[in-house]
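Asks: I'm passing along run38.txt; it holds compact mmCIF, C-alpha atoms and all ligand atoms.
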```
# COMPACT_ATOMS: atom_id res chain seq x y z
CA MET A 282 0.00 0.00 0.00
CA LEU A 283 1.28 3.44 -0.90
CA LEU A 284 1.35 5.88 1.99
CA GLY A 285 1.70 9.58 1.25
CA ALA A 286 4.25 12.03 2.66
CA PRO A 287 1.84 13.54 5.23
CA THR A 288 1.17 10.09 6.70
CA ALA A 289 4.89 9.23 6.77
CA LYS A 290 5.64 12.53 8.47
CA ARG A 291 2.94 12.00 11.10
CA HIS A 292 4.44 8.64 12.12
CA VAL A 293 8.04 9.90 12.09
CA VAL A 294 6.97 12.80 14.32
CA ALA A 295 5.17 10.35 16.63
CA ALA A 296 8.30 8.18 16.88
CA LEU A 297 10.43 11.26 17.65
CA ASP A 298 7.92 12.45 20.27
CA ALA A 299 8.00 9.02 21.90
CA ALA A 300 11.83 9.10 21.91
CA ARG A 301 11.83 12.56 23.54
CA ALA A 302 9.36 11.44 26.18
CA ALA A 303 11.39 8.32 27.02
CA GLU A 304 13.34 8.30 30.27
CA VAL A 305 16.47 7.05 28.51
CA THR A 306 16.97 8.55 25.06
CA PRO A 307 16.94 5.62 22.57
CA PRO A 308 19.57 5.33 19.83
CA ALA A 309 18.67 6.73 16.40
CA SER A 310 18.25 3.24 14.93
CA ALA A 311 15.57 2.45 17.54
CA VAL A 312 13.68 5.61 16.56
CA VAL A 313 13.82 4.59 12.90
CA ASP A 314 12.60 1.08 13.79
CA ASP A 315 9.75 2.56 15.82
CA ALA A 316 8.73 4.77 12.89
CA LEU A 317 8.80 1.74 10.56
CA VAL A 318 6.62 -0.30 12.94
CA ARG A 319 4.13 2.59 13.12
CA LEU A 320 4.06 2.84 9.31
CA ALA A 321 3.59 -0.92 8.92
CA GLY A 322 0.68 -0.72 11.36
CA GLU A 323 -0.84 2.10 9.31
CA ALA A 324 -0.53 0.05 6.10
CA GLN A 325 -2.48 -2.81 7.73
CA ARG A 326 -5.18 -0.53 9.15
CA GLY A 327 -7.74 -0.90 6.37
CA LEU A 328 -8.78 -4.04 4.57
CA VAL A 329 -5.65 -5.76 3.22
CA GLY A 330 -5.12 -8.94 1.27
CA VAL A 331 -3.53 -11.79 3.23
CA LEU A 332 -2.23 -15.24 2.39
CA ASN A 333 -4.56 -17.78 3.99
CA GLY A 334 -2.26 -20.52 5.25
CA THR A 335 -4.88 -22.07 7.55
CA GLY A 336 -6.15 -24.71 5.13
CA VAL A 337 -9.71 -23.56 5.88
CA LEU A 338 -11.11 -22.77 2.46
CA LEU A 339 -14.11 -20.72 3.51
CA HIS A 340 -12.60 -18.89 6.46
CA THR A 341 -15.18 -16.40 7.68
CA ASN A 342 -12.54 -14.27 9.42
CA LEU A 343 -10.51 -14.18 6.20
CA GLY A 344 -13.35 -13.17 3.89
CA ARG A 345 -14.76 -16.59 2.90
CA ALA A 346 -14.76 -17.38 -0.84
CA PRO A 347 -12.11 -15.67 -2.98
CA LEU A 348 -13.70 -14.28 -6.14
CA ALA A 349 -13.11 -15.64 -9.63
CA ALA A 350 -11.25 -13.47 -12.12
CA ALA A 351 -14.48 -13.10 -14.09
CA ALA A 352 -16.20 -11.70 -10.98
CA LEU A 353 -13.40 -9.18 -10.42
CA ASP A 354 -13.61 -8.13 -14.07
CA ALA A 355 -17.38 -7.74 -13.76
CA ILE A 356 -16.95 -5.51 -10.72
CA ALA A 357 -14.47 -3.32 -12.59
CA ALA A 358 -16.71 -3.14 -15.66
CA ALA A 359 -19.98 -2.41 -13.87
CA ALA A 360 -18.97 -0.58 -10.72
CA GLY A 361 -16.13 1.56 -12.11
CA GLY A 362 -18.75 3.71 -13.81
CA ALA A 363 -22.48 3.91 -14.29
CA SER A 364 -24.46 0.69 -14.80
CA ASN A 365 -27.98 -0.50 -15.53
CA LEU A 366 -28.46 -1.24 -11.81
CA GLU A 367 -32.06 -0.02 -11.81
CA PHE A 368 -32.50 0.88 -15.43
CA ASP A 369 -34.12 -1.18 -18.15
CA LEU A 370 -31.96 -0.78 -21.26
CA THR A 371 -34.72 -2.09 -23.57
CA THR A 372 -37.44 0.33 -22.55
CA GLY A 373 -35.25 3.14 -21.27
CA THR A 374 -37.27 3.28 -18.07
CA ARG A 375 -36.70 2.47 -14.44
CA GLY A 376 -35.94 -1.19 -13.75
CA SER A 377 -35.36 -3.36 -10.71
CA ARG A 378 -31.97 -4.41 -9.39
CA TYR A 379 -33.54 -7.72 -8.36
CA GLU A 380 -34.20 -8.59 -12.01
CA ARG A 381 -30.50 -8.58 -12.90
CA LEU A 382 -29.76 -12.01 -11.43
CA ASP A 383 -33.17 -13.63 -11.52
CA ALA A 384 -32.74 -15.63 -14.75
CA LEU A 385 -29.33 -16.96 -13.70
CA LEU A 386 -30.62 -17.90 -10.26
CA ARG A 387 -33.63 -19.66 -11.72
CA ALA A 388 -31.28 -21.58 -14.03
CA VAL A 389 -28.98 -22.81 -11.25
CA THR A 390 -31.69 -23.56 -8.66
CA GLY A 391 -34.71 -24.60 -10.73
CA ALA A 392 -36.81 -22.21 -8.63
CA GLU A 393 -39.62 -20.05 -10.02
CA ALA A 394 -38.21 -16.83 -8.64
CA SER A 395 -35.42 -15.40 -6.53
CA LEU A 396 -34.23 -12.47 -4.48
CA VAL A 397 -30.74 -11.37 -3.42
CA VAL A 398 -30.03 -9.58 -0.14
CA ASN A 399 -27.00 -8.66 1.93
CA ASN A 400 -26.28 -12.11 3.42
CA CYS A 401 -28.04 -15.30 4.44
CA ALA A 402 -28.85 -13.90 7.89
CA ALA A 403 -30.69 -11.05 6.16
CA ALA A 404 -32.46 -13.56 3.91
CA VAL A 405 -33.76 -15.49 6.93
CA LEU A 406 -34.73 -12.26 8.70
CA LEU A 407 -36.66 -11.03 5.66
CA VAL A 408 -38.55 -14.31 5.28
CA LEU A 409 -39.49 -14.42 8.96
CA ASP A 410 -40.43 -10.75 9.09
CA THR A 411 -42.60 -11.14 6.00
CA PHE A 412 -44.44 -14.30 6.97
CA ALA A 413 -44.44 -14.38 10.75
CA ARG A 414 -46.06 -11.04 11.43
CA ALA A 415 -49.84 -10.92 11.36
CA PRO A 416 -51.49 -7.93 9.60
CA ASP A 417 -52.25 -6.45 13.03
CA GLY A 418 -48.54 -6.69 13.91
CA SER A 419 -48.97 -9.54 16.38
CA ALA A 420 -46.58 -12.48 16.37
CA ARG A 421 -47.33 -15.62 14.48
CA GLU A 422 -45.67 -18.97 15.07
CA VAL A 423 -42.74 -20.63 13.36
CA ILE A 424 -42.28 -24.34 14.03
CA VAL A 425 -38.66 -25.53 14.16
CA ALA A 426 -37.11 -28.80 15.32
CA ARG A 427 -35.19 -28.37 18.57
CA GLY A 428 -32.08 -30.01 17.04
CA GLN A 429 -31.98 -27.34 14.32
CA LEU A 430 -31.93 -24.24 16.52
CA VAL A 431 -28.38 -23.49 15.49
CA GLU A 432 -25.88 -20.85 16.29
CA ILE A 433 -23.37 -20.44 13.51
CA GLY A 434 -20.27 -18.23 13.61
CA GLY A 435 -20.50 -14.49 14.02
CA GLY A 436 -23.41 -14.56 16.43
CA PHE A 437 -26.10 -15.80 14.04
CA ARG A 438 -28.42 -17.63 16.38
CA LEU A 439 -31.60 -18.82 14.80
CA PRO A 440 -33.75 -18.33 17.96
CA ASP A 441 -32.48 -14.72 18.24
CA VAL A 442 -33.19 -13.94 14.60
CA LEU A 443 -36.67 -15.39 15.09
CA ALA A 444 -37.21 -13.18 18.13
CA ARG A 445 -35.96 -10.10 16.19
CA SER A 446 -38.44 -10.69 13.41
CA GLY A 447 -41.29 -10.71 15.91
CA ALA A 448 -42.03 -14.37 15.27
CA ARG A 449 -42.90 -16.75 18.08
CA LEU A 450 -40.72 -19.82 18.08
CA VAL A 451 -42.40 -23.17 18.61
CA GLU A 452 -39.78 -25.86 19.26
CA VAL A 453 -40.70 -29.43 18.53
CA GLY A 454 -39.06 -32.79 19.11
CA ALA A 455 -36.08 -33.63 21.27
CA THR A 456 -32.51 -32.53 20.52
CA ASN A 457 -31.74 -35.79 18.74
CA LYS A 458 -35.15 -36.85 17.43
CA VAL A 459 -38.04 -35.20 15.69
CA ARG A 460 -40.97 -36.83 13.91
CA ILE A 461 -43.53 -35.45 11.51
CA ALA A 462 -46.21 -36.00 14.18
CA ASP A 463 -44.37 -33.48 16.39
CA TYR A 464 -44.84 -30.81 13.73
CA ALA A 465 -48.44 -31.85 13.11
CA HIS A 466 -49.32 -31.54 16.82
CA ALA A 467 -47.73 -28.10 17.01
CA LEU A 468 -49.79 -26.68 14.13
CA SER A 469 -52.26 -24.00 15.18
CA PRO A 470 -54.27 -21.23 13.48
CA ARG A 471 -51.34 -18.95 14.31
CA THR A 472 -48.73 -21.07 12.50
CA ALA A 473 -47.00 -18.94 9.86
CA LEU A 474 -44.17 -21.20 8.72
CA LEU A 475 -42.66 -24.64 9.03
CA MET A 476 -38.92 -24.18 9.13
CA ARG A 477 -35.98 -26.47 8.46
CA ALA A 478 -32.47 -25.26 9.20
CA HIS A 479 -29.20 -26.82 8.13
CA PRO A 480 -27.21 -27.59 11.31
CA SER A 481 -24.21 -26.16 9.41
CA ASN A 482 -21.41 -26.54 11.87
CA TYR A 483 -22.25 -29.60 13.93
CA ARG A 484 -23.75 -33.04 13.60
CA ILE A 485 -26.02 -34.98 15.85
CA GLU A 486 -24.96 -38.59 15.56
CA GLY A 487 -26.10 -41.89 17.04
CA PHE A 488 -29.70 -42.32 18.20
CA THR A 489 -31.32 -39.82 15.85
CA GLU A 490 -34.42 -39.33 13.75
CA ASP A 491 -35.20 -36.48 11.41
CA VAL A 492 -38.06 -35.38 9.22
CA THR A 493 -37.35 -35.19 5.49
CA ALA A 494 -38.17 -32.09 3.47
CA PRO A 495 -40.82 -33.88 1.36
CA GLU A 496 -42.60 -35.01 4.57
CA LEU A 497 -42.59 -31.44 5.85
CA VAL A 498 -43.73 -30.08 2.48
CA ALA A 499 -46.63 -32.57 2.45
CA LEU A 500 -47.67 -31.48 5.94
CA GLY A 501 -47.37 -27.81 4.97
CA ALA A 502 -49.51 -28.38 1.87
CA ARG A 503 -52.24 -30.09 3.95
CA ALA A 504 -52.22 -27.30 6.51
CA GLY A 505 -51.77 -24.44 4.04
CA VAL A 506 -48.53 -23.35 5.71
CA PRO A 507 -45.40 -22.50 3.69
CA VAL A 508 -42.12 -24.33 4.35
CA ILE A 509 -38.81 -22.51 4.51
CA GLU A 510 -35.43 -24.21 4.51
CA ASP A 511 -32.30 -22.34 5.61
CA LEU A 512 -29.58 -24.20 3.73
CA GLY A 513 -26.74 -21.83 4.56
CA SER A 514 -23.86 -23.28 2.59
CA GLY A 515 -25.81 -23.27 -0.67
CA ALA A 516 -24.15 -25.96 -2.76
CA LEU A 517 -25.33 -25.52 -6.33
CA GLU A 518 -23.93 -28.82 -7.51
CA ASP A 519 -22.77 -32.12 -6.08
CA VAL A 520 -19.54 -31.53 -4.14
CA ARG A 521 -18.67 -35.23 -3.81
CA PRO A 522 -16.43 -35.21 -6.91
CA TYR A 523 -14.21 -32.84 -4.87
CA GLY A 524 -13.73 -35.39 -2.11
CA LEU A 525 -16.30 -33.74 0.17
CA PRO A 526 -19.19 -35.63 1.72
CA GLY A 527 -22.57 -35.22 0.07
CA GLU A 528 -24.14 -31.83 0.73
CA ARG A 529 -27.78 -31.13 -0.01
CA THR A 530 -28.01 -28.81 -3.01
CA VAL A 531 -30.33 -25.86 -3.47
CA ALA A 532 -31.89 -27.57 -6.48
CA GLU A 533 -32.72 -30.61 -4.31
CA ALA A 534 -34.47 -28.43 -1.75
CA VAL A 535 -36.38 -26.64 -4.51
CA SER A 536 -37.40 -29.90 -6.16
CA ASP A 537 -38.52 -31.27 -2.80
CA GLY A 538 -41.14 -28.52 -2.97
CA VAL A 539 -39.79 -26.24 -0.24
CA ASP A 540 -41.47 -22.83 -0.71
CA LEU A 541 -38.42 -20.70 0.11
CA VAL A 542 -34.77 -21.75 0.34
CA THR A 543 -32.18 -19.38 1.84
CA PHE A 544 -28.42 -19.66 1.37
CA SER A 545 -25.19 -17.67 1.31
CA ALA A 546 -23.42 -16.62 -1.88
CA ASP A 547 -19.92 -16.68 -0.36
CA LYS A 548 -19.84 -20.27 0.85
CA LEU A 549 -20.04 -23.23 -1.56
CA LEU A 550 -21.35 -20.96 -4.33
CA GLY A 551 -17.93 -19.30 -4.37
CA GLY A 552 -19.16 -15.74 -4.86
CA PRO A 553 -19.32 -12.43 -2.99
CA GLN A 554 -21.07 -11.90 0.35
CA ALA A 555 -24.80 -12.04 -0.30
CA GLY A 556 -27.86 -13.97 0.76
CA ILE A 557 -30.08 -15.64 -1.79
CA ILE A 558 -33.71 -16.63 -1.48
CA ALA A 559 -35.02 -19.00 -4.12
CA GLY A 560 -38.54 -20.35 -4.27
CA ARG A 561 -42.12 -19.96 -5.33
CA ARG A 562 -43.13 -16.88 -7.29
CA ALA A 563 -45.95 -15.84 -4.97
CA ALA A 564 -43.77 -16.18 -1.86
CA ILE A 565 -40.92 -14.19 -3.44
CA ALA A 566 -43.43 -11.51 -4.48
CA ARG A 567 -44.44 -11.10 -0.83
CA LEU A 568 -40.79 -10.69 0.16
CA ARG A 569 -40.28 -8.06 -2.53
CA ALA A 570 -43.19 -6.06 -1.18
CA ASN A 571 -41.72 -5.91 2.34
CA PRO A 572 -40.33 -2.41 3.07
CA LEU A 573 -37.58 -4.06 5.14
CA LEU A 574 -36.03 -5.22 1.84
CA ARG A 575 -34.82 -1.66 1.24
CA ALA A 576 -32.54 -1.96 4.28
CA LEU A 577 -31.16 -5.33 3.22
CA ARG A 578 -30.52 -4.66 -0.45
CA VAL A 579 -27.26 -5.27 -2.29
CA GLY A 580 -25.38 -2.83 -4.51
CA SER A 581 -23.83 -2.97 -7.95
CA VAL A 582 -20.50 -4.44 -6.74
CA THR A 583 -22.30 -7.48 -5.31
CA ILE A 584 -24.66 -7.91 -8.23
CA ALA A 585 -21.80 -7.72 -10.75
CA ALA A 586 -19.66 -10.28 -8.88
CA LEU A 587 -22.54 -12.63 -8.15
CA GLY A 588 -23.79 -12.50 -11.74
CA ALA A 589 -20.35 -13.41 -13.10
CA THR A 590 -19.97 -16.23 -10.56
CA LEU A 591 -23.41 -17.66 -11.35
CA ARG A 592 -22.52 -17.51 -15.04
CA LEU A 593 -19.54 -19.81 -14.34
CA HIS A 594 -21.91 -22.29 -12.65
CA VAL A 595 -24.29 -22.15 -15.62
CA GLU A 596 -21.44 -22.64 -18.10
CA GLY A 597 -20.00 -25.56 -16.14
CA THR A 598 -16.54 -24.01 -15.67
CA VAL A 599 -16.61 -24.04 -11.88
CA ARG A 600 -13.65 -26.38 -11.42
CA GLU A 601 -11.34 -24.27 -13.57
CA GLN A 602 -12.59 -20.77 -12.82
CA ILE A 603 -13.86 -20.53 -9.24
CA PRO A 604 -10.92 -20.34 -6.80
CA LEU A 605 -12.74 -22.38 -4.12
CA TYR A 606 -13.20 -25.31 -6.49
CA ARG A 607 -9.74 -24.92 -8.00
CA MET A 608 -8.32 -25.22 -4.49
CA LEU A 609 -10.53 -28.19 -3.66
CA ALA A 610 -9.55 -29.95 -6.88
CA THR A 611 -5.78 -29.51 -6.45
CA PRO A 612 -4.24 -32.99 -6.18
CA ILE A 613 -2.13 -33.62 -3.11
CA ASP A 614 0.89 -34.36 -5.34
CA ALA A 615 0.70 -30.88 -6.83
CA LEU A 616 0.67 -29.41 -3.31
CA ARG A 617 3.66 -31.55 -2.36
CA ALA A 618 5.62 -30.42 -5.42
CA ARG A 619 4.95 -26.77 -4.56
CA ALA A 620 5.97 -27.39 -0.97
CA GLU A 621 9.26 -28.99 -2.05
CA ALA A 622 10.05 -26.08 -4.35
CA LEU A 623 9.27 -23.65 -1.51
CA VAL A 624 11.52 -25.52 0.91
CA ALA A 625 14.37 -25.07 -1.60
CA ARG A 626 13.55 -21.37 -1.86
CA VAL A 627 13.81 -20.73 1.88
CA ASP A 628 17.13 -22.53 2.17
CA GLY A 629 18.65 -21.94 5.58
CA LEU A 630 15.34 -22.05 7.48
CA ASP A 631 14.15 -25.16 9.32
CA VAL A 632 11.19 -25.74 7.01
CA HIS A 633 9.95 -29.13 5.91
CA VAL A 634 7.01 -30.61 4.02
CA ALA A 635 4.29 -31.98 6.29
CA GLY A 636 0.91 -33.62 5.89
CA HIS A 637 -1.92 -31.34 7.07
CA GLU A 638 -5.68 -31.32 7.51
CA GLY A 639 -7.70 -28.52 6.01
CA TYR A 640 -11.45 -27.91 6.17
CA ALA A 641 -14.14 -26.51 3.93
CA GLY A 642 -15.14 -24.06 6.69
CA GLY A 643 -17.76 -21.32 6.48
CA GLY A 644 -20.13 -23.34 8.57
CA THR A 645 -20.11 -26.12 6.00
CA LEU A 646 -19.11 -29.75 6.24
CA PRO A 647 -17.51 -29.46 9.68
CA LEU A 648 -16.57 -33.09 9.96
CA ALA A 649 -14.85 -33.41 6.62
CA PRO A 650 -11.11 -32.90 6.86
CA LEU A 651 -9.40 -32.18 3.56
CA PRO A 652 -6.06 -33.95 3.22
CA SER A 653 -3.49 -31.30 2.45
CA ILE A 654 0.18 -30.34 2.57
CA ALA A 655 1.76 -27.67 4.72
CA LEU A 656 5.11 -26.03 5.14
CA ALA A 657 6.14 -26.73 8.73
CA TRP A 658 8.53 -24.06 9.97
CA ARG A 659 10.42 -24.47 13.24
CA PRO A 660 11.69 -20.98 14.14
CA ALA A 661 15.28 -20.83 15.39
CA ASP A 662 14.27 -19.54 18.85
CA GLY A 663 11.49 -22.12 19.21
CA ASP A 664 8.87 -19.41 19.81
CA VAL A 665 6.10 -20.44 17.38
CA ASN A 666 3.64 -17.81 18.59
CA ALA A 667 6.09 -14.97 18.01
CA ALA A 668 6.97 -16.40 14.60
CA ALA A 669 3.29 -16.62 13.62
CA ALA A 670 2.85 -13.00 14.78
CA ARG A 671 5.79 -11.89 12.60
CA LEU A 672 4.19 -13.67 9.62
CA ARG A 673 0.93 -11.81 10.28
CA ALA A 674 2.79 -8.50 10.47
CA GLY A 675 4.52 -9.10 7.13
CA ASP A 676 3.77 -7.84 3.66
CA PRO A 677 1.71 -9.67 2.59
CA PRO A 678 0.49 -10.86 5.99
CA VAL A 679 0.46 -14.66 6.20
CA VAL A 680 -2.07 -16.34 8.50
CA ALA A 681 -0.69 -19.69 9.65
CA ARG A 682 -1.65 -22.36 12.17
CA ILE A 683 0.41 -23.56 15.11
CA ASP A 684 1.08 -27.27 14.93
CA GLY A 685 3.04 -28.42 18.00
CA ASP A 686 6.54 -26.98 17.76
CA ALA A 687 6.05 -25.73 14.21
CA VAL A 688 4.24 -22.96 12.37
CA ALA A 689 2.16 -24.72 9.71
CA ILE A 690 1.26 -23.00 6.44
CA ASP A 691 -1.26 -25.02 4.43
CA LEU A 692 -0.67 -24.61 0.70
CA ARG A 693 -4.13 -25.62 -0.52
CA THR A 694 -5.57 -22.24 0.48
CA ILE A 695 -2.73 -20.18 -1.03
CA PRO A 696 -2.82 -19.56 -4.80
CA PRO A 697 0.27 -21.04 -6.50
CA ALA A 698 0.89 -17.65 -8.11
CA ARG A 699 1.66 -16.31 -4.63
CA ASP A 700 4.38 -18.84 -3.79
CA ALA A 701 7.18 -16.33 -4.40
CA ASP A 702 5.45 -13.87 -2.03
CA LEU A 703 5.08 -16.63 0.54
CA ALA A 704 8.78 -17.53 0.35
CA ALA A 705 9.75 -13.87 0.74
CA ALA A 706 7.36 -13.47 3.69
CA LEU A 707 8.86 -16.54 5.39
CA LEU A 708 12.41 -15.28 4.92
CA ALA A 709 11.43 -11.85 6.24
CA ALA A 710 9.67 -13.33 9.28
CA ALA A 711 12.74 -15.44 10.07
CA ARG A 712 15.05 -12.43 10.18
C1 LIG B 801 -23.75 -19.52 7.16
C2 LIG B 801 -25.17 -19.74 7.52
C3 LIG B 801 -26.02 -18.64 7.74
C4 LIG B 801 -25.54 -17.22 7.72
O1 LIG B 801 -25.06 -16.87 6.48
P1 LIG B 801 -24.42 -15.42 6.25
O2 LIG B 801 -24.37 -15.32 4.76
O3 LIG B 801 -23.08 -15.45 6.89
O4 LIG B 801 -25.31 -14.42 6.86
C5 LIG B 801 -27.34 -18.91 8.06
N1 LIG B 801 -27.80 -20.16 8.15
C6 LIG B 801 -27.01 -21.23 7.93
C7 LIG B 801 -27.60 -22.60 8.04
C8 LIG B 801 -25.67 -21.06 7.60
O5 LIG B 801 -24.88 -22.11 7.37
```
Take the structure I supplied and represent it as structure tokens, if you would.
Ligand SMILES: *Cc1c(COP(=O)(O)O)cnc(C)c1O
Replies:
Amino acid sequence: MLLGAPTAKRHVVAALDAARAAEVTPPASAVVDDALVRLAGEAQRGLVGVLNGTGVLLHTNLGRAPLAAAALDAIAAAAGGASNLEFDLTTGTRGSRYERLDALLRAVTGAEASLVVNNCAAAVLLVLDTFARAPDGSAREVIVARGQLVEIGGGFRLPDVLARSGARLVEVGATNKVRIADYAHALSPRTALLMRAHPSNYRIEGFTEDVTAPELVALGARAGVPVIEDLGSGALEDVRPYGLPGERTVAEAVSDGVDLVTFSADKLLGGPQAGIIAGRRAAIARLRANPLLRALRVGSVTIAALGATLRLHVEGTVREQIPLYRMLATPIDALRARAEALVARVDGLDVHVAGHEGYAGGGTLPLAPLPSIALAWRPADGDVNAAAARLRAGDPPVVARIDGDAVAIDLRTIPPARDADLAAALLAAAR
């Protein structure tokens, strides 16, 4: 990052002031070092790119899915100037931003209609706010299985979001077991929705029983109550060819007859932060009419990136073009070859090639480790925490994991094109 002269001056003055205020006047070199530390801190103050060496592909703290080149190009093309965000180029009149992605979303989900909002939490909030509030403002009921009342990262707790929306939560079943009869008994004239939620980041195993989506849809149809499914991770296609366990796809939920499916755009879809609602036309129309939508809407940067990413799904070029899938598809031998070349590059450091376990992350597939390869660095002074901190303070910052007496840098989550930067960052952190 380029810092201007006024910024440089401010930090040099601050370093000099600190030196003057010190009880023992530091040597000039210490003042220079202090100024450099202050400037490095300034350069990291905003949003900066980092090398993700954690092996967690969808790391929420590190920005989840990296965007495809086509998505970055689309942002530059549409957001660097004016766009047809809310303008119909055919008629020359006002259009709707929600129309821009509707055809692509219908193509990848099989749904009748769609809506894009700020994130999946906003999608769930909008659905609940729209359906679970009676015309007189009083709360209506949402029936959810007790085992699905999830909290995912970042403080998204389904019961809290339900409370926010003014809905009344009706829990059914036990933590490990729920049957369709539990839902049926809980139905009342005040029931607004039957809800299914993906228990994204945990599994209940052993003595369990669950209700399938088609069973719930059949019950909803008999009772005249819509069914919503919060899928979260939003796989658009089968992820098993990538060595991941089967993950329910959006198209499966839609074809099961679920009225509204909510999911994130920056998890298994591999796009920008956004929340997508796919489902029945009439239900989506009700969402569009909710004034709350105005507060949850996305802008041209998101629409451009999401449109380009969805296009890659439609065209079937996901494996080659979407970084998430490219990373997933990288054979372990390719990672090992990169690791060996890197070890040669950082000659003199105690770095070796080690097996490692990565994860999909992003609240998806928590129990599926991804076999991977890491650089394992044993710093000369044995202080792995300090070494990891120096890597984070570098340019580019490298986020690593601590693995016993070594700092582990997983290569699956670092683009091969950045290997030279990684080697330089390692050498700098070792000095
Ligand atoms: C990740 C997730 C969310 C929240 O998604 P955001 O896009 O981060 O708001 C909601 N529900 C489920 C089931 C999830 O996995």
Asks: Could the residues that lie within 6 Å of ligand LIG 801 (chain B), counting all atoms listed in the file, be listed as number ranges by chain?
Replies: A: 400-402, 478-481, 511-514, 545, 556, 644
Asks: Write out as a VMD selection string which residues come within 7 Å of Glu528 of chain A when counting all atoms listed in the file, dropping same-chain ones fewer than 4 positions away.
Replies: chain A and resid 516 519 to 520
Asks: Counting only C-alpha atoms, note down every residue that has an atom within 12 Å of the point (15.6, -13.8, 13.4) (file coordinates), as a list in words.
Replies: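 Answer for this query, in the requested form: Gly629, Leu630, Arg659, Pro660, Ala661, Asp662, Gly663, Asp664, Ala667, Ala668, Arg671, Leu707, Leu708, Ala709, Ala710, Ala711 and Arg712 of chain A.
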Asks: For Leu366 of chain A, which of A:Asn342, A:Ser446, A:Thr583, A:Thr590 is the closest residue, counting only C-alpha atoms?
Replies: A:Thr583
Asks: Set the distance at 8 Å and use all atoms listed in the file: which residues neighbour Ala534 of chain A once local chain neighbours fewer than 5 positions away are removed? I'd like the list as a list of chain:residue names.
Replies: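 Non-adjacent residues within range: A:Ala494, A:Glu510, A:Arg529, A:Val539, A:Val542.
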Asks: For segment 414-430 of chain A, take all atoms listed in the file, fit an axis-aligned box around them, add 8 Å to each of the six sides, then output centre and edge lengths in Å rounded to one decimal, as AutoDock Vina command-line options.
Replies:
```
--center_x -42.1 --center_y -18.2 --center_z 14.1 --size_x 36.3 --size_y 39.6 --size_z 25.0
```
Asks: List as an NGL selection string the residues having at least one atom at most 12 Å from position (-4.6, -22.1, 11.3) as given in the file, counting only C-alpha atoms.
Replies: :A and (332-338 or 340 or 342-343 or 637-640 or 642 or 655 or 657 or 666 or 669 or 673 or 679-685 or 687-692 or 694)
Asks: Keeping only C-alpha atoms, take the residues you just selected and write them out as a compact mmCIF listing (two decimals), in the frame of the given file.
Replies:
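Result went into again-v4.txt, see below:
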```
# COMPACT_ATOMS: atom_id res chain seq x y z
CA LEU A 332 -2.23 -15.24 2.39
CA ASN A 333 -4.56 -17.78 3.99
CA GLY A 334 -2.26 -20.52 5.25
CA THR A 335 -4.88 -22.07 7.55
CA GLY A 336 -6.15 -24.71 5.13
CA VAL A 337 -9.71 -23.56 5.88
CA LEU A 338 -11.11 -22.77 2.46
CA HIS A 340 -12.60 -18.89 6.46
CA ASN A 342 -12.54 -14.27 9.42
CA LEU A 343 -10.51 -14.18 6.20
CA HIS A 637 -1.92 -31.34 7.07
CA GLU A 638 -5.68 -31.32 7.51
CA GLY A 639 -7.70 -28.52 6.01
CA TYR A 640 -11.45 -27.91 6.17
CA GLY A 642 -15.14 -24.06 6.69
CA ALA A 655 1.76 -27.67 4.72
CA ALA A 657 6.14 -26.73 8.73
CA ASN A 666 3.64 -17.81 18.59
CA ALA A 669 3.29 -16.62 13.62
CA ARG A 673 0.93 -11.81 10.28
CA VAL A 679 0.46 -14.66 6.20
CA VAL A 680 -2.07 -16.34 8.50
CA ALA A 681 -0.69 -19.69 9.65
CA ARG A 682 -1.65 -22.36 12.17
CA ILE A 683 0.41 -23.56 15.11
CA ASP A 684 1.08 -27.27 14.93
CA GLY A 685 3.04 -28.42 18.00
CA ALA A 687 6.05 -25.73 14.21
CA VAL A 688 4.24 -22.96 12.37
CA ALA A 689 2.16 -24.72 9.71
CA ILE A 690 1.26 -23.00 6.44
CA ASP A 691 -1.26 -25.02 4.43
CA LEU A 692 -0.67 -24.61 0.70
CA THR A 694 -5.57 -22.24 0.48
```
Asks: Given only C-alpha atoms as the basis, pick out the residue of A:Ser469, A:Ala413, A:Arg503, A:Ala555 nearest to Arg445 of chain A.
Replies: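 Using only C-alpha atoms, Arg445 of chain A sits closest to A:Ala413.
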Asks: Quote the spacing between atom CA of Tyr523 of chain A and atom CA of Leu549 of chain A in Å to one decimal place.
Replies: 11.7 Å
Asks: When you count all atoms listed in the file, which of these residues is closest to Glu621 of chain A: A:Ser377, A:Ala589, A:Ala698, A:Val634?
Replies: A:Val634
Asks: For a test of reading the model, state the distance in Å between atom CA of Ser395 of chain A and atom CA of Thr493 of chain A, rounded to one decimal.
Replies: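 Separating atom CA of Ser395 of chain A from atom CA of Thr493 of chain A is a distance of 23.2 Å.
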Asks: Kindly give the distance, in Å, that separates atom CA of Ala350 of chain A and atom CA of Ala384 of chain A, rounded to a single decimal.
Replies: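 Atom CA of Ala384 of chain A lies at a distance of 21.8 Å from atom CA of Ala350 of chain A.
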